[in-house]
Amino acid sequence: METAPKPGKDVPPKKDKLQTKRKKPRRYWEEETVPTTAGASPGPPRNKKNRELRPQRPKNAHILKKSRISKKPQVPKKPREWKNPESQSGLSGAQDPFPGPAPVPVEVVQKFCRIDKSRKLLHSKAKTRSRLEVAEAEEEETSIKAARSELLLAEEPGFLEGEDGEDTAKICQADIVEAVDIASAAKHFDLNLRQFGPYRLNYSRTGRHLAFGGRRGHVAALDWVTKKLMCEINVMEAVRDIRFLHSEALLAVAQNRWLHIYDNQGIELHCIRRCDRVTRLEFLPFHFLLATASETGFLTYLDVSVGKIVAALNARAGRLDVMSQNPYNAVIHLGHSNGTVSLWSPAMKEPLAKILCHRGGVRAVAVDSTGTYMATSGLDHQLKIFDLRGTYQPLSTRTLPHGAGHLAFSQRGLLVAGMGDVVNIWAGQGKASPPSLEQPYLTHRLSGPVHGLQFCPFEDVLGVGHTGGITSMLVPGASEPNFDGLESNPYRSRKQRQEWEVKALLEKVPAELICLDPRALAEVDVISLEQGKKEQIERLGYDPQAKAPFQPKPKQKGRSSTASLVKRKRKVMDEEHRDKVRQSLQQQHHKEAKAKPTGARPSALDRFVR
Amino acid sequence: MNVNQVAENLALSHQEELVDLPKNYPLSENEDEGDSDGERKHQKLLEAISSLDGKNRRKLAERSEASLKVSEFSVSSEGSGEKLVLADLLEPVKTSSSLATIKKQLNRVKSKKVVELPLNKEKIEQIHREVAFSKTSQVLSKWDPIILKNQQAEQLVFPLGKEQPAIAPIEHALSGWKARTPLEQEIFNLLHKNKQPVTDPLLTPMEKASLQAMSLEEAKMHRAELQRARALQSYYEAKARKEKKIKSKKYHRVVKKGKAKKALKEFEQLQKVNPTVALEEMEKIENARMMERMSLKHQNSGKWAKSKAIMAKYDLEARQAMQEQLAQNKELTQKLQVASESEEEEGGTEVEELLVPHVVNEVQMNVDGPNPWMFRSCTSDTKEAATQEDPEQLPELAAHEVSASGAEERPVAEEEILLREFEERQSLRKRSELNQDAEPASSQETKDSSSQEVLSELRALSQKLKEKHQSRKQKASSEGTVPQVQREEPAPEEAEPLLLQRSERVQTLEELEELGKEDCFQNKELPRPVLEGQQSERTPNNRPDAPKEKKEKEQLINLQNFLTTQSPSMRSLAVPTIIEELEDEEERDQRQMIKEAFAGDDVIRDFLKEKREAVEASKPKDVDLTLPGWGEWGGVGLKPSAKKRRQFLIKAPEGPPRKDKNLPNVIISEKRNIHAAAHQVQVLPYPFTHHRQFERTIQTPIGSTWNTQRAFQKLTTPKVVTKPGHIIKPIKAEDVGYQSSSRSDLPVIQRNPKRITTRHNKEEKL
């Protein structure tokens, strides 16, 4: 490539070529090259014109030459390279200074590993082992790929930090609005709707649309980012709750008597009379289930994709007006007046679990997006955060001056509580940690008592419905900065939404799969497995998988007498028996060791005790 | 064909020959066969008789006289001392031409090989089959690695062609590429100006030259060096391996001691020469000490130690050995630096003092050592003092110190005191409430706290009274002089840490009292870490497996604790303003208050009852098979005997422990979700023998929701891909690099077509 340019040899044939190739469709860059090479032949006027237009033209020509020449020596090199592809080096014989794939941090990879290696496996056959190895290798590979693609999550969450010693709770909304850019500042707004009473509100799953319903019948839906109103109606009936269905096109409204479904133009599509006196609504997006809690004490699951009621469960705990869903496993949490919170799935007639949380009734329940923590507040003015990973024990407790009536978790684990006309937000240390109730992260006073709370997905915004209307607050660091464009894309078009709808319907999860631990579905049903084995043994009359009884091999040279065979058999049997006895003895020892309390150290005087 | 058979055959053929021969003979002896017969018989008889004398000696017939009648059977070669050969017999004195032909014939017969008896047909077929099988299996065994490879291959593409060439590196793709846009051209121009490599972005010519600078000699030397190092390493490894295999304990002991000594010496030297390095060494030693402390080595807990412990009573040596071990442990765990430790301790106490007010620590200082009994008496003392000073604060204190009731004398009087205190406290609270009414804006917080106080008071009082009664009863039963310590007996041993805890809690409350003297109706932030620690400590406390009756009680207590723990109240910047809300809301608030005050116990009791019922319902039921009146008198009002009932009661096997066994505040349903179970795997697939093995292979999700696009595509690649529009021919030896030997392949296929086809099918399936 360092050969000197030899223009003399090159130019004349090129000229001819250009003339012959003139019919070829021209590119914008070729347009320039043609006049430069051809410019010499037609005459000076044209050339001059060109000069005037482009003073750098000669430079361009020069580049052309250079590039043409530089390509020349490469041509013979190419076949040489192809001949010996085993030498991995490049054309110049240089080595890659960073050979191999780029390294990935281990902890990020660990995050995506899902095989539970804590449980030891029994000794397995070679064939099984190879399968297990393949599975593990696959897991590693996929997790490494996933870890690599974390690089694509470019956005970082927002944050709010006080100067040293400054309490972030003292920072008011006006200050935040002043500090942020205009686009973000526009997300803080108040809707003064004093006329139609306290409002409930709901954001759509993409975080783009907002629906709210006032107690005096006012129902509206709007694209809150652009403030474009989609519909506004008065249903002339008390509105208890309002919720978007799977997309922003459908809207479920719990009215005084029945449950109604409207589309985004305010046209009533359905009136579901089987769900009457509904107080709270929850929508399970992956199951297409609308869960309704009613005054009559029934929890009803309505499949909105087929319009069938999947299950109507009687909670046997009186009026239900506290409900929330666990986004991790789609279990519905109901709060009751006897201080318990019960966990429900449509497949079971009885609660999956019941947790005694408060001495008084439960006023609000919220579960965080990872399904790890549950926040409850009760009539005893306490706010508790429970661990939902099997222990159901409170992690932290706080008594609030005026018990929290509404609770909500944000995508990144911020907890908001509405107490009277004040909204308090607590933040945790990181994403996976529970909010620490020691110091509020932010506080805000509204113009009326809070009636509904929700964090907007993918926006650092908290929507508060109160008697005075709707307030949209800015809460830095509340929500996930990166959205999944295929799953919930705030900027999707109508066509994209329709396509997503079809895909989501195809991937609909059956309602009966809702259970406390969704990973349990990836386990073998041991009970039926054992049952099947038992039946097989019964059918065949023997156990095909049983270990065959020991059969001594015949031996040469007269050592295979019957007596010695029997002797050998007995030996093996005895050995097995001894093993069994040993095991049982060990177990006994273990039990004794456990039962024996670890007493104090024996004192020197013990020797005199008789 | 064994040797015997061959020999037999040979003999037979000879006989035939012999029989054939005389045909050409002009024999004269045939006529007088009858005469010679009789003589022969006689001879035989004689022989038999002679052999009767015991010795089996056979006498050779002697020829005494010449006679015409010469028996051909009694020819002997005795005299000549040579073996008689067949040919000699035929050889006449004079050579005759007529005998030559016979001789020739004889030679031919001799040279001819013996023909074997043909085997029977079945045997032959069997042999053929065996041979064919071994040949075929040998031929086919060359496919085994291919089959294995195909079985394990992630993907097979049919028709089996050449593998796709790997993706060419970017440079190869680049070499055919031309800079066409002006921007590209400009860039290339720049690159050329600076003598940067255009096609390979890695090395400039200068760099390349420097890389190539290493001469041949240098490279050789380098290589030799490397070789030497490798050889040395391998020697060392071999040596180490050999040493490791030495089984002598003594040897190892000596080596170990030597090493330790050496290390010590080095360390001492280092101390003199290079103190910083010595410090690092010191750290290492410290680490070793930590390891020792963590491990159970030298703790007299090993197998050997246990065996010694048994002997120790009688055997002095064993005792010594054990003590030696312990001494070693002590030596190893000894801390080296003493000064720094004390410093640390001092620092720690300082911090503590900062956290806890002095008043609290004074009490502790008096007490020497962590003796719980001393603690308790001490705290009760302080409590008494507190009652005298500030009687209102006592109940609050008592709420948490349930078990530690201070004064054991005059329980009735104490009851009275308690009641009086309560009354006082109530009146005081009323007063305070009046105050609150004056300033309603900030009343919420205090109201809350006051209601809390009421509750705790109520509860504490009731509990205290109960306890008093119990203790009195106990006193009545056991003598009145029973010390207070004995009263604590019913509490299990695990309660001890709890008691300790309580004393700690008292500290914090005392602190509260101290603060409360100034303004007792303001909510104070409790030092949070302490409280949280208590909470977390308490929850595990109810874990240990205690007897069941006790546990029930414990649970109740725990539950109450769990719900009544006074949580630190929120210090909020913005206190909600109370606006006159709707009437029903206010009413509800009132009801709330009432409920709050009195329903606390109810909630817990209800819940416990519910839980008990759930547990009962989920337990497997026993089967009673008693027939009343069977084998005994029956009738109205007669019950089968207890013995019989016991005999015929089939106890249900105890199921697995409940998931909420150790969680007093939770009921977890044990019912199986049969709808979900229908979607679970119910049969283990082939190579797996245990369900956990199989579960491992399906734990990674393969959907595109959880994986990147590439990973998803890789995880879901089909096992077999067939190209549309192509003929899939059976696999050939040439395809996989074998030379097909048609001679060996063909006959097998013809003879055993079924076998071959099955094999082929298998391969196609793969």
# chains A, B, ... in the order shown; residues from 1 in each chain; ligands from 1
$ closest_atom_pairs --of "chain A" --to "chain B" --cutoff "7 Å" --atoms "only C-alpha atoms" --output "CSV"
residue,atom,partner,partner_atom,distance
A:Trp29,CA,B:Thr181,CA,5.5
A:Ile63,CA,B:Gln185,CA,5.6
A:Leu64,CA,B:Gln185,CA,6.4
A:Lys66,CA,B:Asn189,CA,6.6
A:Ser67,CA,B:Gln185,CA,6.3
A:Gln74,CA,B:Ser175,CA,6.3
A:Lys78,CA,B:Ser175,CA,6.6
A:Gly90,CA,B:Asp200,CA,6.3
A:Leu91,CA,B:Asp200,CA,6.0
A:Ser92,CA,B:Asp200,CA,6.2
A:Ala94,CA,B:Leu203,CA,6.2
A:Arg114,CA,B:Thr700,CA,5.8
A:Ile115,CA,B:Gln699,CA,5.6
A:Leu121,CA,B:Gln693,CA,6.7
A:Lys127,CA,B:Pro687,CA,6.4
A:Thr128,CA,B:Pro687,CA,5.4
A:Leu132,CA,B:Thr697,CA,6.0
A:Ala135,CA,B:Thr697,CA,5.2
A:Glu139,CA,B:Thr700,CA,6.2
A:Thr142,CA,B:Ala711,CA,5.4
A:Lys145,CA,B:Thr708,CA,6.8
A:Ala146,CA,B:Thr708,CA,5.9
A:Asn338,CA,B:Val603,CA,6.1
A:Ala347,CA,B:His675,CA,6.5
A:Met348,CA,B:Asn673,CA,6.7
A:Pro351,CA,B:Ser669,CA,6.9
A:Leu352,CA,B:Ser669,CA,5.1
A:Ala353,CA,B:Ile668,CA,4.2
A:Lys354,CA,B:Ile667,CA,5.0
A:Ile355,CA,B:Val666,CA,4.5
A:Leu356,CA,B:Asn665,CA,5.1
A:His358,CA,B:Leu563,CA,6.5
A:Arg359,CA,B:Gly600,CA,5.0
A:Gly360,CA,B:Glu596,CA,5.6
A:Leu379,CA,B:Gln592,CA,6.4
A:Asp380,CA,B:Glu596,CA,6.3
A:Thr397,CA,B:Ser567,CA,5.7
A:Arg398,CA,B:Ser567,CA,5.2
A:Thr399,CA,B:Ser569,CA,4.2
A:Leu400,CA,B:Met570,CA,5.1
A:Pro401,CA,B:Glu445,CA,4.3
A:His402,CA,B:Gln444,CA,6.5
A:Met419,CA,B:Pro576,CA,6.7
A:Gly420,CA,B:Pro576,CA,5.5
A:Asp421,CA,B:Pro576,CA,5.6
A:Val422,CA,B:Pro576,CA,5.4
A:Thr443,CA,B:Ala574,CA,7.0
A:Glu512,CA,B:His675,CA,5.6
A:Leu513,CA,B:Ala676,CA,5.0
A:Leu521,CA,B:Gln680,CA,5.9
A:Ala522,CA,B:Gln699,CA,6.3
A:Glu523,CA,B:Glu695,CA,5.6
A:Val524,CA,B:Val681,CA,4.9
A:Asp525,CA,B:Gln682,CA,5.3
A:Ser528,CA,B:Gln682,CA,5.9
A:Leu529,CA,B:Gln682,CA,5.2
$ residues_around --residues "Asp622 in chain B" --least-positions-apart "3" --cutoff "10 Å" --atoms "only C-alpha atoms" --output "list in words"
Lys619, Leu625, Leu649, Ile650, Lys651, Ala652 and Pro653 of chain B
$ write_last_selection --atoms "all heavy atoms" --output "short mmCIF file (atom, residue, chain, number, x, y, z; two decimals), in the first residue's frame"
data_model
loop_
_atom_site.label_atom_id
_atom_site.label_comp_id
_atom_site.auth_asym_id
_atom_site.auth_seq_id
_atom_site.Cartn_x
_atom_site.Cartn_y
_atom_site.Cartn_z
N LYS B 619 -54.41 -31.83 58.15
CA LYS B 619 -53.77 -33.04 58.68
C LYS B 619 -54.45 -34.28 58.12
O LYS B 619 -55.68 -34.31 57.99
CB LYS B 619 -53.91 -33.04 60.21
CG LYS B 619 -52.62 -32.68 60.91
CD LYS B 619 -52.77 -32.91 62.39
CE LYS B 619 -51.66 -32.22 63.13
NZ LYS B 619 -51.97 -32.08 64.54
N LEU B 625 -61.20 -48.51 62.85
CA LEU B 625 -61.85 -49.72 62.31
C LEU B 625 -62.54 -50.55 63.38
O LEU B 625 -62.88 -51.70 63.14
CB LEU B 625 -60.80 -50.58 61.59
CG LEU B 625 -60.23 -50.01 60.30
CD1 LEU B 625 -59.16 -50.92 59.77
CD2 LEU B 625 -61.30 -49.83 59.26
N LEU B 649 -57.09 -48.76 65.45
CA LEU B 649 -56.95 -47.40 64.91
C LEU B 649 -55.74 -47.38 63.97
O LEU B 649 -54.63 -47.70 64.37
CB LEU B 649 -56.73 -46.41 66.05
CG LEU B 649 -56.73 -44.95 65.64
CD1 LEU B 649 -58.15 -44.48 65.40
CD2 LEU B 649 -56.09 -44.09 66.70
N ILE B 650 -56.01 -47.04 62.73
CA ILE B 650 -54.89 -46.94 61.77
C ILE B 650 -54.46 -45.50 61.72
O ILE B 650 -55.22 -44.62 61.30
CB ILE B 650 -55.32 -47.43 60.39
CG1 ILE B 650 -55.70 -48.90 60.47
CG2 ILE B 650 -54.19 -47.22 59.40
CD1 ILE B 650 -56.31 -49.42 59.20
N LYS B 651 -53.26 -45.28 62.18
CA LYS B 651 -52.79 -43.88 62.23
C LYS B 651 -52.32 -43.47 60.84
O LYS B 651 -51.58 -44.20 60.18
CB LYS B 651 -51.65 -43.77 63.23
CG LYS B 651 -52.15 -43.69 64.64
CD LYS B 651 -51.13 -43.02 65.51
CE LYS B 651 -51.78 -42.72 66.86
NZ LYS B 651 -50.78 -42.42 67.87
N ALA B 652 -52.74 -42.29 60.47
CA ALA B 652 -52.32 -41.78 59.15
C ALA B 652 -50.87 -41.35 59.25
O ALA B 652 -50.43 -40.84 60.27
CB ALA B 652 -53.19 -40.62 58.75
N PRO B 653 -50.13 -41.55 58.19
CA PRO B 653 -48.73 -41.11 58.23
C PRO B 653 -48.66 -39.59 58.29
O PRO B 653 -49.46 -38.89 57.67
CB PRO B 653 -48.16 -41.64 56.91
CG PRO B 653 -49.35 -41.80 56.03
CD PRO B 653 -50.50 -42.14 56.91
#
$ select_by_dssp --residues "range 393-580 of chain A" --states "strand (DSSP E or B)" --output "PyMOL selection string"
chain A and resi 394-399+406-409+415-419+422-426+442-445+450-455+461-466+469-474+524
$ closest_residue --among "A:His381, A:Arg200, A:His123, A:Arg559" --to "Val219 in chain A" --atoms "only C-alpha atoms"
A:Arg200
$ decode --residues "range 223-237 of chain B" --atoms "all heavy atoms" --output "PDB file, in the first residue's frame"
ATOM      1  N   ARG B 223      13.590 -19.628  22.832  1.00  0.00           N
ATOM      2  CA  ARG B 223      12.932 -20.922  22.797  1.00  0.00           C
ATOM      3  C   ARG B 223      13.642 -21.898  23.743  1.00  0.00           C
ATOM      4  O   ARG B 223      13.000 -22.618  24.517  1.00  0.00           O
ATOM      5  CB  ARG B 223      12.966 -21.457  21.368  1.00  0.00           C
ATOM      6  CG  ARG B 223      12.069 -22.633  21.185  1.00  0.00           C
ATOM      7  CD  ARG B 223      11.770 -22.831  19.716  1.00  0.00           C
ATOM      8  NE  ARG B 223      11.659 -24.248  19.444  1.00  0.00           N
ATOM      9  CZ  ARG B 223      12.583 -24.988  18.834  1.00  0.00           C
ATOM     10  NH1 ARG B 223      13.680 -24.438  18.397  1.00  0.00           N
ATOM     11  NH2 ARG B 223      12.374 -26.263  18.640  1.00  0.00           N
ATOM     12  N   ALA B 224      14.965 -21.853  23.690  1.00  0.00           N
ATOM     13  CA  ALA B 224      15.718 -22.746  24.558  1.00  0.00           C
ATOM     14  C   ALA B 224      15.414 -22.458  26.023  1.00  0.00           C
ATOM     15  O   ALA B 224      15.243 -23.369  26.843  1.00  0.00           O
ATOM     16  CB  ALA B 224      17.209 -22.579  24.286  1.00  0.00           C
ATOM     17  N   GLU B 225      15.332 -21.209  26.316  1.00  0.00           N
ATOM     18  CA  GLU B 225      15.035 -20.810  27.684  1.00  0.00           C
ATOM     19  C   GLU B 225      13.694 -21.376  28.134  1.00  0.00           C
ATOM     20  O   GLU B 225      13.547 -21.947  29.206  1.00  0.00           O
ATOM     21  CB  GLU B 225      14.983 -19.287  27.742  1.00  0.00           C
ATOM     22  CG  GLU B 225      15.681 -18.704  28.942  1.00  0.00           C
ATOM     23  CD  GLU B 225      15.859 -17.226  28.723  1.00  0.00           C
ATOM     24  OE1 GLU B 225      14.920 -16.494  29.047  1.00  0.00           O
ATOM     25  OE2 GLU B 225      16.908 -16.818  28.191  1.00  0.00           O
ATOM     26  N   LEU B 226      12.754 -21.206  27.252  1.00  0.00           N
ATOM     27  CA  LEU B 226      11.408 -21.701  27.563  1.00  0.00           C
ATOM     28  C   LEU B 226      11.436 -23.202  27.785  1.00  0.00           C
ATOM     29  O   LEU B 226      10.820 -23.720  28.713  1.00  0.00           O
ATOM     30  CB  LEU B 226      10.455 -21.370  26.423  1.00  0.00           C
ATOM     31  CG  LEU B 226       9.893 -19.961  26.427  1.00  0.00           C
ATOM     32  CD1 LEU B 226       9.006 -19.766  25.212  1.00  0.00           C
ATOM     33  CD2 LEU B 226       9.098 -19.707  27.700  1.00  0.00           C
ATOM     34  N   GLN B 227      12.178 -23.881  26.925  1.00  0.00           N
ATOM     35  CA  GLN B 227      12.254 -25.335  27.039  1.00  0.00           C
ATOM     36  C   GLN B 227      12.835 -25.728  28.385  1.00  0.00           C
ATOM     37  O   GLN B 227      12.336 -26.615  29.063  1.00  0.00           O
ATOM     38  CB  GLN B 227      13.153 -25.878  25.938  1.00  0.00           C
ATOM     39  CG  GLN B 227      12.349 -26.287  24.711  1.00  0.00           C
ATOM     40  CD  GLN B 227      13.260 -26.739  23.598  1.00  0.00           C
ATOM     41  OE1 GLN B 227      14.465 -26.514  23.664  1.00  0.00           O
ATOM     42  NE2 GLN B 227      12.688 -27.362  22.599  1.00  0.00           N
ATOM     43  N   ARG B 228      13.899 -25.034  28.745  1.00  0.00           N
ATOM     44  CA  ARG B 228      14.555 -25.335  30.002  1.00  0.00           C
ATOM     45  C   ARG B 228      13.581 -25.152  31.164  1.00  0.00           C
ATOM     46  O   ARG B 228      13.461 -26.007  32.035  1.00  0.00           O
ATOM     47  CB  ARG B 228      15.748 -24.403  30.179  1.00  0.00           C
ATOM     48  CG  ARG B 228      16.876 -24.979  30.998  1.00  0.00           C
ATOM     49  CD  ARG B 228      18.029 -24.002  30.945  1.00  0.00           C
ATOM     50  NE  ARG B 228      18.027 -23.196  32.144  1.00  0.00           N
ATOM     51  CZ  ARG B 228      18.586 -23.594  33.299  1.00  0.00           C
ATOM     52  NH1 ARG B 228      19.145 -24.765  33.378  1.00  0.00           N
ATOM     53  NH2 ARG B 228      18.569 -22.821  34.354  1.00  0.00           N
ATOM     54  N   ALA B 229      12.880 -24.037  31.108  1.00  0.00           N
ATOM     55  CA  ALA B 229      11.930 -23.760  32.187  1.00  0.00           C
ATOM     56  C   ALA B 229      10.887 -24.860  32.277  1.00  0.00           C
ATOM     57  O   ALA B 229      10.535 -25.324  33.357  1.00  0.00           O
ATOM     58  CB  ALA B 229      11.260 -22.416  31.929  1.00  0.00           C
ATOM     59  N   ARG B 230      10.439 -25.294  31.122  1.00  0.00           N
ATOM     60  CA  ARG B 230       9.401 -26.321  31.116  1.00  0.00           C
ATOM     61  C   ARG B 230       9.927 -27.624  31.708  1.00  0.00           C
ATOM     62  O   ARG B 230       9.277 -28.276  32.513  1.00  0.00           O
ATOM     63  CB  ARG B 230       8.928 -26.543  29.688  1.00  0.00           C
ATOM     64  CG  ARG B 230       7.416 -26.533  29.601  1.00  0.00           C
ATOM     65  CD  ARG B 230       6.965 -26.612  28.162  1.00  0.00           C
ATOM     66  NE  ARG B 230       7.293 -25.417  27.410  1.00  0.00           N
ATOM     67  CZ  ARG B 230       7.781 -25.407  26.173  1.00  0.00           C
ATOM     68  NH1 ARG B 230       8.008 -26.548  25.548  1.00  0.00           N
ATOM     69  NH2 ARG B 230       8.030 -24.281  25.541  1.00  0.00           N
ATOM     70  N   ALA B 231      11.167 -27.958  31.311  1.00  0.00           N
ATOM     71  CA  ALA B 231      11.757 -29.192  31.819  1.00  0.00           C
ATOM     72  C   ALA B 231      11.911 -29.117  33.331  1.00  0.00           C
ATOM     73  O   ALA B 231      11.541 -30.039  34.059  1.00  0.00           O
ATOM     74  CB  ALA B 231      13.116 -29.425  31.170  1.00  0.00           C
ATOM     75  N   LEU B 232      12.409 -27.993  33.791  1.00  0.00           N
ATOM     76  CA  LEU B 232      12.592 -27.823  35.230  1.00  0.00           C
ATOM     77  C   LEU B 232      11.268 -27.987  35.961  1.00  0.00           C
ATOM     78  O   LEU B 232      11.184 -28.636  36.993  1.00  0.00           O
ATOM     79  CB  LEU B 232      13.172 -26.437  35.504  1.00  0.00           C
ATOM     80  CG  LEU B 232      14.683 -26.312  35.332  1.00  0.00           C
ATOM     81  CD1 LEU B 232      15.110 -24.889  35.585  1.00  0.00           C
ATOM     82  CD2 LEU B 232      15.405 -27.257  36.284  1.00  0.00           C
ATOM     83  N   GLN B 233      10.274 -27.385  35.374  1.00  0.00           N
ATOM     84  CA  GLN B 233       8.959 -27.457  36.001  1.00  0.00           C
ATOM     85  C   GLN B 233       8.502 -28.897  36.105  1.00  0.00           C
ATOM     86  O   GLN B 233       7.985 -29.331  37.144  1.00  0.00           O
ATOM     87  CB  GLN B 233       7.970 -26.641  35.182  1.00  0.00           C
ATOM     88  CG  GLN B 233       6.689 -26.385  35.934  1.00  0.00           C
ATOM     89  CD  GLN B 233       5.662 -25.730  35.048  1.00  0.00           C
ATOM     90  OE1 GLN B 233       5.936 -25.449  33.889  1.00  0.00           O
ATOM     91  NE2 GLN B 233       4.496 -25.483  35.566  1.00  0.00           N
ATOM     92  N   SER B 234       8.710 -29.626  35.027  1.00  0.00           N
ATOM     93  CA  SER B 234       8.233 -31.011  35.050  1.00  0.00           C
ATOM     94  C   SER B 234       9.021 -31.820  36.080  1.00  0.00           C
ATOM     95  O   SER B 234       8.468 -32.646  36.785  1.00  0.00           O
ATOM     96  CB  SER B 234       8.365 -31.635  33.668  1.00  0.00           C
ATOM     97  OG  SER B 234       9.711 -31.927  33.402  1.00  0.00           O
ATOM     98  N   TYR B 235      10.341 -31.554  36.209  1.00  0.00           N
ATOM     99  CA  TYR B 235      11.112 -32.260  37.233  1.00  0.00           C
ATOM    100  C   TYR B 235      10.539 -31.961  38.608  1.00  0.00           C
ATOM    101  O   TYR B 235      10.325 -32.839  39.418  1.00  0.00           O
ATOM    102  CB  TYR B 235      12.578 -31.803  37.216  1.00  0.00           C
ATOM    103  CG  TYR B 235      13.325 -32.141  35.963  1.00  0.00           C
ATOM    104  CD1 TYR B 235      14.422 -31.382  35.553  1.00  0.00           C
ATOM    105  CD2 TYR B 235      12.933 -33.232  35.178  1.00  0.00           C
ATOM    106  CE1 TYR B 235      15.100 -31.680  34.410  1.00  0.00           C
ATOM    107  CE2 TYR B 235      13.624 -33.528  34.026  1.00  0.00           C
ATOM    108  CZ  TYR B 235      14.684 -32.748  33.630  1.00  0.00           C
ATOM    109  OH  TYR B 235      15.353 -33.041  32.499  1.00  0.00           O
ATOM    110  N   TYR B 236      10.326 -30.690  38.795  1.00  0.00           N
ATOM    111  CA  TYR B 236       9.834 -30.277  40.103  1.00  0.00           C
ATOM    112  C   TYR B 236       8.497 -30.939  40.409  1.00  0.00           C
ATOM    113  O   TYR B 236       8.240 -31.406  41.507  1.00  0.00           O
ATOM    114  CB  TYR B 236       9.704 -28.758  40.132  1.00  0.00           C
ATOM    115  CG  TYR B 236       9.281 -28.260  41.478  1.00  0.00           C
ATOM    116  CD1 TYR B 236      10.195 -28.193  42.535  1.00  0.00           C
ATOM    117  CD2 TYR B 236       7.969 -27.879  41.714  1.00  0.00           C
ATOM    118  CE1 TYR B 236       9.810 -27.766  43.760  1.00  0.00           C
ATOM    119  CE2 TYR B 236       7.572 -27.453  42.955  1.00  0.00           C
ATOM    120  CZ  TYR B 236       8.510 -27.393  43.978  1.00  0.00           C
ATOM    121  OH  TYR B 236       8.130 -26.973  45.203  1.00  0.00           O
ATOM    122  N   GLU B 237       7.668 -30.973  39.388  1.00  0.00           N
ATOM    123  CA  GLU B 237       6.339 -31.579  39.578  1.00  0.00           C
ATOM    124  C   GLU B 237       6.481 -33.043  39.955  1.00  0.00           C
ATOM    125  O   GLU B 237       5.814 -33.540  40.869  1.00  0.00           O
ATOM    126  CB  GLU B 237       5.530 -31.462  38.291  1.00  0.00           C
ATOM    127  CG  GLU B 237       4.746 -30.175  38.224  1.00  0.00           C
ATOM    128  CD  GLU B 237       4.100 -29.996  36.889  1.00  0.00           C
ATOM    129  OE1 GLU B 237       4.106 -30.944  36.088  1.00  0.00           O
ATOM    130  OE2 GLU B 237       3.597 -28.889  36.630  1.00  0.00           O
TER     131      GLU B 237
END
